[in-house]
Each structure stands twice: as structure tokens, then as C-alpha cells.
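Q: Let me begin by handing over the structure; questions about it come next.
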2 protein chains.
Amino acid sequence: MNITIIGSGNVATHMAAAFKNAGHRIVQVYSRDIQHAALLAYHVGAEAIDNLADINPDTGLFVVSVKDDAIATIAEALSAHQKLIVHTSGSTDLSTLLAFTPNAGVFYPLQTFSKIKELDFRSVPLCLEADNDSILADLKQLAFTVSNKVYTVSSAQRRILHLAAVFACNFPNYLYGVAQDLLAQNQLEFDLLRPLILETAQKVLEQEPRNVQTGPAVRNDEGTMAAHMQLLSDMPMLQEVYTLLSQGIIKNNKGLTADE
Amino acid sequence: MNITIIGSGNVATHMAAAFKNAGHRIVQVYSRDIQHAALLAYHVGAEAIDNLADINPDTGLFVVSVKDDAIATIAEALSAHQKLIVHTSGSTDLSTLLAFTPNAGVFYPLQTFSKIKELDFRSVPLCLEADNDSILADLKQLAFTVSNKVYTVSSAQRRILHLAAVFACNFPNYLYGVAQDLLAQNQLEFDLLRPLILETAQKVLEQEPRNVQTGPAVRNDEGTMAAHMQLLSDMPMLQEVYTLLSQGIIKNNKGLTADE
């Protein structure tokens, strides 16, 4: 398939590589910054452009991987070509594209991407949406060429998925950084914690998180929690995080939902 | 080496298995609950006891893996045998043992253990402490028979390490559970998020957490954050978590420490 990539960020980079590796042809890569476009275009054998007026109409699909607030403007500009347009955003409704073209869909890869780290794209869940069965079927066919994990997810569900991903990915990564800071302040290497971080994630690949919860809060070990609060006495913001998350664990453990 | 295991919980179970697999002899397993003692004792070919009066003195080491508030009582009872006693706790000082015997040390495995999940003990960081070089040398020798990652860590550093582990392990696992609940409420499978959780952990094995932070907060994407708060409007406790952790990410991103 001939595919045009709009964007040159983390998602655009990994999607373009995955399509290319699956045998598709990347026609062009667009970025407002021609150097960014050129770097990605070079890697996937495409032409780099920084002006939507230079779009090559010989494409079958526009993959729009740009900031959420730029999707509508881009979609409007691309709609003149009357080709299928998909965006890759977790938090933008399909209706944002449908406002400009009926040839629209969503192709949302639920993964955290960094340009500096390769990953196995075949294990990336792809969440697809379209408002007609023919487009959805085409997207599914394309999706299976790059991943084994293809789901149909509505816009409403995708919003929840994106929110859940913030809790399951962005916030844990922030907490890893908090832990690293605590160690660094005490002449301890982050390497000490890395096996623990990996094992914590690997545990929930097979188990439910609640069934493998460990630590002072789930034991309701008040002595240890008080000692930890004492260690954080110069860091009120971290005390607040510690208290709030410990309360959540304690409530879960009592069999209540987090907000009862 | 002849080793006696005091306790039958997650840590005791994995430590006993690791020692046994490394060729040491597990003499006895003690638990207040004889059935718990018997189960672990069976797996490692030891005798099960539920009374400290039945301790076999033909041992070289007592490994005390019990709740923190029981360590002192146990140490006092064991000290009569004049053998080396170590505890495996992240949050108990060496001085708790030294109050009863000079033959004391700490053998703290920095990992999250579940009886239901095996792991590669050779990758578990072991944090050792003793107040004389001869005991420390003995503990190091023993530690290297079961792990490749052996560190000398003071009681003060170990307290920080344990606190950091709460942030890097217990809290992320809680957040995985929050994400799972959000998905379940919207007819979405947790399997959708599992690859993301694993990749998030794998990223920081090579990188610094701050350098791989993703999500709306690090982009200061106020629209998405406001939409997420709206989705959480029935869950004030999760709104509080969302706000607090997002603020932490935003502050980090501005190059400030979390508490400035």
C-alpha cells in the first residue's frame, strides 16, 4: 500500500518504520520542520516535505500523527485529495476527521514510543475505528500486516483507554523518577531498583494487579508508613503522593472501590 | 552451608529456594503456623517447626524473614544459640539485632516476591550490612552463591531504598489496578494495556525515567488533561491522584525538583 505519513514524532517514526518493514511504500513524510521530515523520510525511503501543497496525490492513505490540536487543520487540508485519512491519537474523536471527509478512520497504537528505543511492533495493540464497515475492514487488513493485536474500539472507549494509559504508563514512569531522585540524594544507584521495576511490570502480565500488591500499605503496616512519612518530611509534595496512593491501596484491600 | 529459615512468607519462600538451589542445606523452617512451615519445608527438604524451643542448633545461619515488628522478639529467642542471625527486612535497622547478639547482619533482597511467581534470583539485588568486616565478608560470600548483584548498604541507606521501592513498585502496581478498573467499567480488556506496562518498565532499564516521560502532562497538553479530569468527575479520589502526579511531571519538566 502507498502510505503518506503526516508528522515526524515518536508515533509517526515507529508507525512509518512498521509499515515500511511490512512491505508498504512510504510515499512522503510531512513535518513543519523539514529537517525532522528529512530524517524520518531518509530512514523509510520517502520524500520529505514541509508544505501540504506539495502532497503527492499518488497515495492510498494519510496517517496523521501530529499534536491533537493540529489534527483538524491537517485533515481539512488533506480532505481535498479524497483519500482515506486516519489519525493515531488516543484522545481525538473520529468525528474530528468526519467533519471534513467521510473517508476517515482511527489507527491508534496503544504503546509508549521513544525514537531512541526500538520495540517489537507486532506486539503493539492497534485500536481501530471507522464509521462504515468497508473502511474498518480495510484498516483491519492493514493493521494485521504490522501487528498481531488488533482491536475495534469506539471513540468513547478510546478516551478511557488513553486515560487508563496515563495511569498505567505515564504516572508509573514519573514514580520511577521520584525513586531515582530519592536514591541519588543518598548516594545510591538507580540500578538497584531496575530489577524490581521490571519484575513489578512482568508480574501483571499474567496476574491481576490487586492480587500481587505488596508493600506496607497492603499490609496496613502503620509503623513503616509513619517512618516513610518521616523520611519525606522535607518533601511535602511527595508526602502527599505517598499518603494518597497508600490510602488507595488500603481501600482496595478492604474490598472497596477506590472512591468509596 | 546449613541454614535455618525463620518465616514462611513470600521472601522466606524465595530465599529458601534460592539457597537450596545453590547447594546449601536448609535445616529447618519455622513458622507460627505449622502448615505454612510444612509447605515450605517440604519444598526445600527441611524440617518444619512451629516452636522456637525446637530449633536444631546444628545450623550456621538463621535467616529471619518475618514481619518487622516480630524481628526483635525472634532475635532475642535465637541469640541463645550464638549463631549468625540475619534479617531480610528493608526497614529494620541492624541495631535491632545487635541489641541481642554481636553475630548479626542484614541480607535484604530488593525485589517484589509472590509465592505464585518464580523469578531468576541471580538478578535480585542483595543489600548486605554487618558491623564487622568478617561477618560482612561471610555474607558476601554467601550472597554471591545465589545472586550476581551484591551491594553493601547501610541501615540509613536501606531505609531510603525501601522507601524508593514503594514509589517504584508498590505505587505503580496500584496504578495498574486503577487502569484495569477504568477499563473494566467500559467493557475493555486489561490485555490492551499489558504491552504498554511492560514497555514502560523496559524503557527505564537503559534510560533515565525523566528522559522517557510521555503523556499529556509532560507536553503540558491542558486540553487533554481537562478532558481526563472530566472523565474522572465521578471519582474524586482519582482526580486528586491525576492532578498531583501530573503536577509532579510538569514540575520535573520545568527542570525544578518535585518540591520547589
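If you're wondering about the labels, chains in the C-alpha cells are A, B, ... by order shown, residues count from 1 in each chain, ligands from 1 in order shown.
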For Ile160 (chain A), please output as JSON, numbers by chain all residues within 7 Å (counting only C-alpha atoms; exclusion window: fewer than 4 positions along the same chain).
A: {"A": [156, 164], "B": [182, 183]}
Q: Residues of chain B near chain A: apply a cut-off of 6 Å, count only C-alpha atoms, and supply the list as a list of chain:residue names.
A: B:Gln111, B:Ala164, B:Phe167, B:Ala168, B:Cys169, B:Asn170, B:Pro172, B:Asn173, B:Leu175, B:Tyr176, B:Gly177, B:Ala179, B:Arg194, B:Leu196, B:Ile197, B:Leu198, B:Thr200, B:Ala201, B:Leu205, B:Pro209, B:Thr214, B:Gly215, B:Met235, B:Met237, B:Asp259
Q: What does chain A look like after a least-squares fit onto chain B on every Cα paired in order, written as a PDB file with C-alpha atoms, in the first residue's frame?
A:
ATOM      1  CA  MET A   1      26.177 -24.060  54.496  1.00  0.00           C
ATOM      2  CA  ASN A   2      23.504 -25.133  56.977  1.00  0.00           C
ATOM      3  CA  ILE A   3      20.752 -22.539  57.036  1.00  0.00           C
ATOM      4  CA  THR A   4      17.602 -22.199  59.132  1.00  0.00           C
ATOM      5  CA  ILE A   5      14.724 -20.179  57.726  1.00  0.00           C
ATOM      6  CA  ILE A   6      12.535 -18.284  60.177  1.00  0.00           C
ATOM      7  CA  GLY A   7       9.303 -17.394  58.397  1.00  0.00           C
ATOM      8  CA  SER A   8       7.303 -18.848  55.530  1.00  0.00           C
ATOM      9  CA  GLY A   9       6.079 -15.800  53.602  1.00  0.00           C
ATOM     10  CA  ASN A  10       7.003 -14.548  50.136  1.00  0.00           C
ATOM     11  CA  VAL A  11      10.563 -13.535  50.984  1.00  0.00           C
ATOM     12  CA  ALA A  12      11.266 -16.630  53.109  1.00  0.00           C
ATOM     13  CA  THR A  13       9.941 -18.856  50.311  1.00  0.00           C
ATOM     14  CA  HIS A  14      12.118 -17.373  47.575  1.00  0.00           C
ATOM     15  CA  MET A  15      15.215 -17.099  49.777  1.00  0.00           C
ATOM     16  CA  ALA A  16      14.918 -20.708  50.945  1.00  0.00           C
ATOM     17  CA  ALA A  17      14.538 -21.915  47.354  1.00  0.00           C
ATOM     18  CA  ALA A  18      17.510 -19.828  46.204  1.00  0.00           C
ATOM     19  CA  PHE A  19      19.751 -21.179  48.988  1.00  0.00           C
ATOM     20  CA  LYS A  20      18.615 -24.727  48.330  1.00  0.00           C
ATOM     21  CA  ASN A  21      19.218 -24.371  44.578  1.00  0.00           C
ATOM     22  CA  ALA A  22      22.707 -23.047  45.286  1.00  0.00           C
ATOM     23  CA  GLY A  23      23.551 -26.260  47.162  1.00  0.00           C
ATOM     24  CA  HIS A  24      23.072 -25.137  50.740  1.00  0.00           C
ATOM     25  CA  ARG A  25      21.199 -27.303  53.222  1.00  0.00           C
ATOM     26  CA  ILE A  26      18.035 -25.899  54.733  1.00  0.00           C
ATOM     27  CA  VAL A  27      17.926 -27.421  58.208  1.00  0.00           C
ATOM     28  CA  GLN A  28      14.546 -26.191  59.442  1.00  0.00           C
ATOM     29  CA  VAL A  29      11.741 -23.864  58.509  1.00  0.00           C
ATOM     30  CA  TYR A  30       9.962 -22.145  61.374  1.00  0.00           C
ATOM     31  CA  SER A  31       6.521 -20.580  61.199  1.00  0.00           C
ATOM     32  CA  ARG A  32       3.925 -19.886  63.865  1.00  0.00           C
ATOM     33  CA  ASP A  33       1.605 -21.805  61.538  1.00  0.00           C
ATOM     34  CA  ILE A  34       2.934 -25.366  61.221  1.00  0.00           C
ATOM     35  CA  GLN A  35       1.084 -25.898  57.933  1.00  0.00           C
ATOM     36  CA  HIS A  36       2.850 -22.916  56.384  1.00  0.00           C
ATOM     37  CA  ALA A  37       6.166 -24.161  57.756  1.00  0.00           C
ATOM     38  CA  ALA A  38       5.459 -27.664  56.445  1.00  0.00           C
ATOM     39  CA  LEU A  39       4.673 -26.503  52.918  1.00  0.00           C
ATOM     40  CA  LEU A  40       7.930 -24.578  52.524  1.00  0.00           C
ATOM     41  CA  ALA A  41       9.940 -27.210  54.425  1.00  0.00           C
ATOM     42  CA  TYR A  42       8.648 -29.871  52.032  1.00  0.00           C
ATOM     43  CA  HIS A  43       9.822 -27.905  48.998  1.00  0.00           C
ATOM     44  CA  VAL A  44      13.337 -27.379  50.346  1.00  0.00           C
ATOM     45  CA  GLY A  45      13.816 -30.717  52.121  1.00  0.00           C
ATOM     46  CA  ALA A  46      13.824 -29.277  55.624  1.00  0.00           C
ATOM     47  CA  GLU A  47      12.142 -29.992  58.938  1.00  0.00           C
ATOM     48  CA  ALA A  48       9.099 -27.880  59.801  1.00  0.00           C
ATOM     49  CA  ILE A  49       8.745 -26.438  63.301  1.00  0.00           C
ATOM     50  CA  ASP A  50       6.311 -24.025  64.932  1.00  0.00           C
ATOM     51  CA  ASN A  51       8.112 -23.665  68.260  1.00  0.00           C
ATOM     52  CA  LEU A  52      11.425 -21.860  68.669  1.00  0.00           C
ATOM     53  CA  ALA A  53      12.260 -24.272  71.482  1.00  0.00           C
ATOM     54  CA  ASP A  54      12.612 -26.957  68.781  1.00  0.00           C
ATOM     55  CA  ILE A  55      15.422 -25.157  66.952  1.00  0.00           C
ATOM     56  CA  ASN A  56      18.158 -27.523  65.779  1.00  0.00           C
ATOM     57  CA  PRO A  57      21.468 -25.982  66.962  1.00  0.00           C
ATOM     58  CA  ASP A  58      23.319 -27.651  64.042  1.00  0.00           C
ATOM     59  CA  THR A  59      22.982 -24.619  61.782  1.00  0.00           C
ATOM     60  CA  GLY A  60      25.323 -21.901  60.630  1.00  0.00           C
ATOM     61  CA  LEU A  61      22.843 -19.146  59.968  1.00  0.00           C
ATOM     62  CA  PHE A  62      19.383 -18.008  60.963  1.00  0.00           C
ATOM     63  CA  VAL A  63      17.588 -16.094  58.195  1.00  0.00           C
ATOM     64  CA  VAL A  64      14.779 -14.134  59.822  1.00  0.00           C
ATOM     65  CA  SER A  65      12.063 -13.267  57.263  1.00  0.00           C
ATOM     66  CA  VAL A  66       9.144 -12.228  59.432  1.00  0.00           C
ATOM     67  CA  LYS A  67       7.088  -9.089  59.910  1.00  0.00           C
ATOM     68  CA  ASP A  68       9.192  -6.155  61.031  1.00  0.00           C
ATOM     69  CA  ASP A  69       7.573  -5.906  64.441  1.00  0.00           C
ATOM     70  CA  ALA A  70       8.357  -9.566  65.203  1.00  0.00           C
ATOM     71  CA  ILE A  71      12.085  -9.401  64.372  1.00  0.00           C
ATOM     72  CA  ALA A  72      13.269  -8.281  67.828  1.00  0.00           C
ATOM     73  CA  THR A  73      11.370 -10.987  69.710  1.00  0.00           C
ATOM     74  CA  ILE A  74      12.628 -13.689  67.357  1.00  0.00           C
ATOM     75  CA  ALA A  75      16.198 -12.398  67.530  1.00  0.00           C
ATOM     76  CA  GLU A  76      16.128 -12.436  71.295  1.00  0.00           C
ATOM     77  CA  ALA A  77      14.970 -16.056  71.328  1.00  0.00           C
ATOM     78  CA  LEU A  78      17.560 -17.154  68.728  1.00  0.00           C
ATOM     79  CA  SER A  79      20.486 -15.304  70.298  1.00  0.00           C
ATOM     80  CA  ALA A  80      20.941 -18.092  72.882  1.00  0.00           C
ATOM     81  CA  HIS A  81      22.295 -20.346  70.085  1.00  0.00           C
ATOM     82  CA  GLN A  82      25.181 -17.943  69.433  1.00  0.00           C
ATOM     83  CA  LYS A  83      24.965 -18.386  65.662  1.00  0.00           C
ATOM     84  CA  LEU A  84      24.902 -15.716  62.966  1.00  0.00           C
ATOM     85  CA  ILE A  85      21.467 -14.096  62.627  1.00  0.00           C
ATOM     86  CA  VAL A  86      20.419 -12.017  59.608  1.00  0.00           C
ATOM     87  CA  HIS A  87      17.114 -10.379  58.848  1.00  0.00           C
ATOM     88  CA  THR A  88      15.812  -9.675  55.351  1.00  0.00           C
ATOM     89  CA  SER A  89      13.877  -6.495  56.032  1.00  0.00           C
ATOM     90  CA  GLY A  90      14.137  -3.251  54.132  1.00  0.00           C
ATOM     91  CA  SER A  91      13.004  -1.122  57.026  1.00  0.00           C
ATOM     92  CA  THR A  92      14.558  -2.608  60.175  1.00  0.00           C
ATOM     93  CA  ASP A  93      17.920  -1.371  61.430  1.00  0.00           C
ATOM     94  CA  LEU A  94      20.818  -3.707  62.018  1.00  0.00           C
ATOM     95  CA  SER A  95      20.797  -2.353  65.571  1.00  0.00           C
ATOM     96  CA  THR A  96      17.562  -4.261  66.219  1.00  0.00           C
ATOM     97  CA  LEU A  97      19.592  -7.473  66.007  1.00  0.00           C
ATOM     98  CA  LEU A  98      22.738  -6.067  67.632  1.00  0.00           C
ATOM     99  CA  ALA A  99      20.688  -5.399  70.751  1.00  0.00           C
ATOM    100  CA  PHE A 100      20.694  -9.167  71.327  1.00  0.00           C
ATOM    101  CA  THR A 101      23.812 -10.523  69.627  1.00  0.00           C
ATOM    102  CA  PRO A 102      27.023  -9.285  68.018  1.00  0.00           C
ATOM    103  CA  ASN A 103      26.633 -12.115  65.472  1.00  0.00           C
ATOM    104  CA  ALA A 104      24.244 -10.173  63.276  1.00  0.00           C
ATOM    105  CA  GLY A 105      23.784  -8.884  59.772  1.00  0.00           C
ATOM    106  CA  VAL A 106      21.272  -7.846  57.142  1.00  0.00           C
ATOM    107  CA  PHE A 107      20.550  -9.778  53.953  1.00  0.00           C
ATOM    108  CA  TYR A 108      17.914  -7.691  52.169  1.00  0.00           C
ATOM    109  CA  PRO A 109      16.723  -8.874  48.743  1.00  0.00           C
ATOM    110  CA  LEU A 110      15.428  -5.830  46.876  1.00  0.00           C
ATOM    111  CA  GLN A 111      12.695  -7.432  44.840  1.00  0.00           C
ATOM    112  CA  THR A 112       8.946  -7.990  44.932  1.00  0.00           C
ATOM    113  CA  PHE A 113       8.188 -11.624  45.605  1.00  0.00           C
ATOM    114  CA  SER A 114       5.001 -13.608  45.155  1.00  0.00           C
ATOM    115  CA  LYS A 115       4.841 -17.270  46.031  1.00  0.00           C
ATOM    116  CA  ILE A 116       2.858 -17.829  42.856  1.00  0.00           C
ATOM    117  CA  LYS A 117       5.509 -16.422  40.517  1.00  0.00           C
ATOM    118  CA  GLU A 118       9.001 -17.776  40.014  1.00  0.00           C
ATOM    119  CA  LEU A 119      11.820 -15.423  39.222  1.00  0.00           C
ATOM    120  CA  ASP A 120      15.512 -15.510  38.450  1.00  0.00           C
ATOM    121  CA  PHE A 121      17.083 -14.997  41.868  1.00  0.00           C
ATOM    122  CA  ARG A 122      20.526 -14.362  40.331  1.00  0.00           C
ATOM    123  CA  SER A 123      19.257 -10.966  39.126  1.00  0.00           C
ATOM    124  CA  VAL A 124      17.887  -9.965  42.552  1.00  0.00           C
ATOM    125  CA  PRO A 125      19.987  -7.201  44.178  1.00  0.00           C
ATOM    126  CA  LEU A 126      21.092  -8.322  47.653  1.00  0.00           C
ATOM    127  CA  CYS A 127      21.812  -5.485  50.074  1.00  0.00           C
ATOM    128  CA  LEU A 128      24.154  -6.575  52.848  1.00  0.00           C
ATOM    129  CA  GLU A 129      25.122  -4.970  56.126  1.00  0.00           C
ATOM    130  CA  ALA A 130      27.189  -5.996  59.138  1.00  0.00           C
ATOM    131  CA  ASP A 131      29.079  -4.037  61.739  1.00  0.00           C
ATOM    132  CA  ASN A 132      32.294  -6.009  61.390  1.00  0.00           C
ATOM    133  CA  ASP A 133      34.282  -6.911  58.294  1.00  0.00           C
ATOM    134  CA  SER A 134      34.469 -10.614  59.010  1.00  0.00           C
ATOM    135  CA  ILE A 135      30.692 -11.050  59.106  1.00  0.00           C
ATOM    136  CA  LEU A 136      30.307  -8.821  56.050  1.00  0.00           C
ATOM    137  CA  ALA A 137      32.829 -10.956  54.155  1.00  0.00           C
ATOM    138  CA  ASP A 138      30.936 -14.133  55.099  1.00  0.00           C
ATOM    139  CA  LEU A 139      27.633 -12.613  53.987  1.00  0.00           C
ATOM    140  CA  LYS A 140      29.145 -11.501  50.683  1.00  0.00           C
ATOM    141  CA  GLN A 141      30.445 -14.978  50.020  1.00  0.00           C
ATOM    142  CA  LEU A 142      27.032 -16.444  50.742  1.00  0.00           C
ATOM    143  CA  ALA A 143      25.239 -13.764  48.706  1.00  0.00           C
ATOM    144  CA  PHE A 144      27.302 -14.445  45.584  1.00  0.00           C
ATOM    145  CA  THR A 145      26.237 -18.101  45.710  1.00  0.00           C
ATOM    146  CA  VAL A 146      22.658 -17.020  44.974  1.00  0.00           C
ATOM    147  CA  SER A 147      22.875 -13.657  43.145  1.00  0.00           C
ATOM    148  CA  ASN A 148      25.155 -11.726  40.805  1.00  0.00           C
ATOM    149  CA  LYS A 149      24.118  -8.399  42.293  1.00  0.00           C
ATOM    150  CA  VAL A 150      25.549  -7.878  45.746  1.00  0.00           C
ATOM    151  CA  TYR A 151      25.700  -4.448  47.383  1.00  0.00           C
ATOM    152  CA  THR A 152      26.832  -3.173  50.774  1.00  0.00           C
ATOM    153  CA  VAL A 153      24.167  -0.806  52.072  1.00  0.00           C
ATOM    154  CA  SER A 154      23.971   0.916  55.469  1.00  0.00           C
ATOM    155  CA  SER A 155      20.818   0.881  57.593  1.00  0.00           C
ATOM    156  CA  ALA A 156      20.190   4.546  56.747  1.00  0.00           C
ATOM    157  CA  GLN A 157      20.564   3.873  53.024  1.00  0.00           C
ATOM    158  CA  ARG A 158      18.394   0.763  53.254  1.00  0.00           C
ATOM    159  CA  ARG A 159      15.566   2.835  54.731  1.00  0.00           C
ATOM    160  CA  ILE A 160      15.748   5.117  51.697  1.00  0.00           C
ATOM    161  CA  LEU A 161      15.959   2.137  49.372  1.00  0.00           C
ATOM    162  CA  HIS A 162      12.845   0.656  50.880  1.00  0.00           C
ATOM    163  CA  LEU A 163      11.015   3.967  50.559  1.00  0.00           C
ATOM    164  CA  ALA A 164      12.158   4.312  46.951  1.00  0.00           C
ATOM    165  CA  ALA A 165      10.945   0.772  46.280  1.00  0.00           C
ATOM    166  CA  VAL A 166       7.477   1.764  47.469  1.00  0.00           C
ATOM    167  CA  PHE A 167       7.468   4.521  44.827  1.00  0.00           C
ATOM    168  CA  ALA A 168       8.971   2.316  42.103  1.00  0.00           C
ATOM    169  CA  CYS A 169       6.983  -0.864  42.748  1.00  0.00           C
ATOM    170  CA  ASN A 170       4.049  -0.694  45.157  1.00  0.00           C
ATOM    171  CA  PHE A 171       2.601   2.552  43.817  1.00  0.00           C
ATOM    172  CA  PRO A 172       2.952   1.666  40.120  1.00  0.00           C
ATOM    173  CA  ASN A 173       1.209  -1.641  40.827  1.00  0.00           C
ATOM    174  CA  TYR A 174      -1.640   0.257  42.499  1.00  0.00           C
ATOM    175  CA  LEU A 175      -1.903   2.477  39.411  1.00  0.00           C
ATOM    176  CA  TYR A 176      -2.029  -0.605  37.156  1.00  0.00           C
ATOM    177  CA  GLY A 177      -5.055  -1.654  39.181  1.00  0.00           C
ATOM    178  CA  VAL A 178      -6.663   1.768  38.787  1.00  0.00           C
ATOM    179  CA  ALA A 179      -6.198   1.465  35.018  1.00  0.00           C
ATOM    180  CA  GLN A 180      -7.696  -2.017  35.033  1.00  0.00           C
ATOM    181  CA  ASP A 181     -10.738  -0.745  36.937  1.00  0.00           C
ATOM    182  CA  LEU A 182     -11.245   2.102  34.448  1.00  0.00           C
ATOM    183  CA  LEU A 183     -11.137  -0.362  31.562  1.00  0.00           C
ATOM    184  CA  ALA A 184     -13.460  -2.869  33.234  1.00  0.00           C
ATOM    185  CA  GLN A 185     -16.043  -0.135  33.826  1.00  0.00           C
ATOM    186  CA  ASN A 186     -16.019   0.423  30.056  1.00  0.00           C
ATOM    187  CA  GLN A 187     -16.021  -3.163  28.808  1.00  0.00           C
ATOM    188  CA  LEU A 188     -12.357  -3.084  27.852  1.00  0.00           C
ATOM    189  CA  GLU A 189      -9.854  -5.849  28.574  1.00  0.00           C
ATOM    190  CA  PHE A 190      -6.760  -5.282  30.712  1.00  0.00           C
ATOM    191  CA  ASP A 191      -4.814  -7.153  28.015  1.00  0.00           C
ATOM    192  CA  LEU A 192      -4.949  -3.956  25.962  1.00  0.00           C
ATOM    193  CA  LEU A 193      -2.649  -2.270  28.487  1.00  0.00           C
ATOM    194  CA  ARG A 194      -0.260  -5.085  29.348  1.00  0.00           C
ATOM    195  CA  PRO A 195       2.224  -4.442  26.500  1.00  0.00           C
ATOM    196  CA  LEU A 196       2.297  -0.758  27.480  1.00  0.00           C
ATOM    197  CA  ILE A 197       3.026  -1.584  31.120  1.00  0.00           C
ATOM    198  CA  LEU A 198       5.892  -3.896  30.171  1.00  0.00           C
ATOM    199  CA  GLU A 199       7.395  -1.431  27.697  1.00  0.00           C
ATOM    200  CA  THR A 200       7.195   1.393  30.252  1.00  0.00           C
ATOM    201  CA  ALA A 201       9.303  -0.667  32.662  1.00  0.00           C
ATOM    202  CA  GLN A 202      11.684  -1.938  29.978  1.00  0.00           C
ATOM    203  CA  LYS A 203      12.378   1.614  28.832  1.00  0.00           C
ATOM    204  CA  VAL A 204      13.949   2.623  32.138  1.00  0.00           C
ATOM    205  CA  LEU A 205      16.253  -0.406  32.199  1.00  0.00           C
ATOM    206  CA  GLU A 206      18.500   1.527  29.836  1.00  0.00           C
ATOM    207  CA  GLN A 207      17.218   5.092  30.145  1.00  0.00           C
ATOM    208  CA  GLU A 208      16.629   7.644  32.870  1.00  0.00           C
ATOM    209  CA  PRO A 209      12.891   7.933  33.664  1.00  0.00           C
ATOM    210  CA  ARG A 210      12.835  11.687  33.036  1.00  0.00           C
ATOM    211  CA  ASN A 211      14.237  11.242  29.544  1.00  0.00           C
ATOM    212  CA  VAL A 212      11.462   8.871  28.489  1.00  0.00           C
ATOM    213  CA  GLN A 213       8.482  10.569  30.145  1.00  0.00           C
ATOM    214  CA  THR A 214       5.484  10.674  27.795  1.00  0.00           C
ATOM    215  CA  GLY A 215       1.839  11.695  28.139  1.00  0.00           C
ATOM    216  CA  PRO A 216      -0.240  14.871  28.341  1.00  0.00           C
ATOM    217  CA  ALA A 217       1.458  16.324  31.444  1.00  0.00           C
ATOM    218  CA  VAL A 218       4.985  16.362  29.996  1.00  0.00           C
ATOM    219  CA  ARG A 219       3.594  18.009  26.839  1.00  0.00           C
ATOM    220  CA  ASN A 220       1.629  20.372  29.092  1.00  0.00           C
ATOM    221  CA  ASP A 221      -1.402  19.406  26.974  1.00  0.00           C
ATOM    222  CA  GLU A 222      -4.032  21.216  29.029  1.00  0.00           C
ATOM    223  CA  GLY A 223      -6.931  20.227  26.780  1.00  0.00           C
ATOM    224  CA  THR A 224      -6.315  16.494  27.236  1.00  0.00           C
ATOM    225  CA  MET A 225      -5.731  16.874  30.982  1.00  0.00           C
ATOM    226  CA  ALA A 226      -9.017  18.785  31.342  1.00  0.00           C
ATOM    227  CA  ALA A 227     -10.814  16.073  29.349  1.00  0.00           C
ATOM    228  CA  HIS A 228      -9.340  13.411  31.626  1.00  0.00           C
ATOM    229  CA  MET A 229     -10.471  15.278  34.726  1.00  0.00           C
ATOM    230  CA  GLN A 230     -13.945  15.372  33.196  1.00  0.00           C
ATOM    231  CA  LEU A 231     -13.902  11.582  32.633  1.00  0.00           C
ATOM    232  CA  LEU A 232     -12.966  11.168  36.318  1.00  0.00           C
ATOM    233  CA  SER A 233     -15.684  13.518  37.575  1.00  0.00           C
ATOM    234  CA  ASP A 234     -17.409  10.718  39.537  1.00  0.00           C
ATOM    235  CA  MET A 235     -14.113   9.641  41.087  1.00  0.00           C
ATOM    236  CA  PRO A 236     -12.749  12.507  43.209  1.00  0.00           C
ATOM    237  CA  MET A 237      -9.965  10.408  44.717  1.00  0.00           C
ATOM    238  CA  LEU A 238      -8.654   9.535  41.259  1.00  0.00           C
ATOM    239  CA  GLN A 239      -8.963  13.179  40.201  1.00  0.00           C
ATOM    240  CA  GLU A 240      -6.722  14.032  43.123  1.00  0.00           C
ATOM    241  CA  VAL A 241      -4.171  11.386  42.086  1.00  0.00           C
ATOM    242  CA  TYR A 242      -4.307  12.614  38.481  1.00  0.00           C
ATOM    243  CA  THR A 243      -3.759  16.240  39.466  1.00  0.00           C
ATOM    244  CA  LEU A 244      -0.961  15.570  41.915  1.00  0.00           C
ATOM    245  CA  LEU A 245       1.065  13.273  39.670  1.00  0.00           C
ATOM    246  CA  SER A 246       0.546  15.493  36.624  1.00  0.00           C
ATOM    247  CA  GLN A 247       1.805  18.472  38.627  1.00  0.00           C
ATOM    248  CA  GLY A 248       4.883  16.446  39.553  1.00  0.00           C
ATOM    249  CA  ILE A 249       5.577  15.658  35.887  1.00  0.00           C
ATOM    250  CA  ILE A 250       5.061  19.291  34.869  1.00  0.00           C
ATOM    251  CA  LYS A 251       7.453  20.495  37.578  1.00  0.00           C
ATOM    252  CA  ASN A 252      10.108  17.934  36.599  1.00  0.00           C
ATOM    253  CA  ASN A 253       9.771  19.059  33.015  1.00  0.00           C
ATOM    254  CA  LYS A 254      10.437  22.652  33.985  1.00  0.00           C
ATOM    255  CA  GLY A 255      13.751  21.477  35.399  1.00  0.00           C
ATOM    256  CA  LEU A 256      12.659  22.052  38.995  1.00  0.00           C
ATOM    257  CA  THR A 257      12.822  19.405  41.652  1.00  0.00           C
ATOM    258  CA  ALA A 258       9.523  17.897  42.637  1.00  0.00           C
ATOM    259  CA  ASP A 259       9.195  20.103  45.682  1.00  0.00           C
ATOM    260  CA  GLU A 260      10.194  23.509  44.444  1.00  0.00           C
TER     261      GLU A 260
END
Q: As a ChimeraX atom specification, please: every residue in region 71-254 of chain A that DSSP puts in strand (DSSP E or B).
A: /A:84-87,104-109,114,117,126-130,150-152
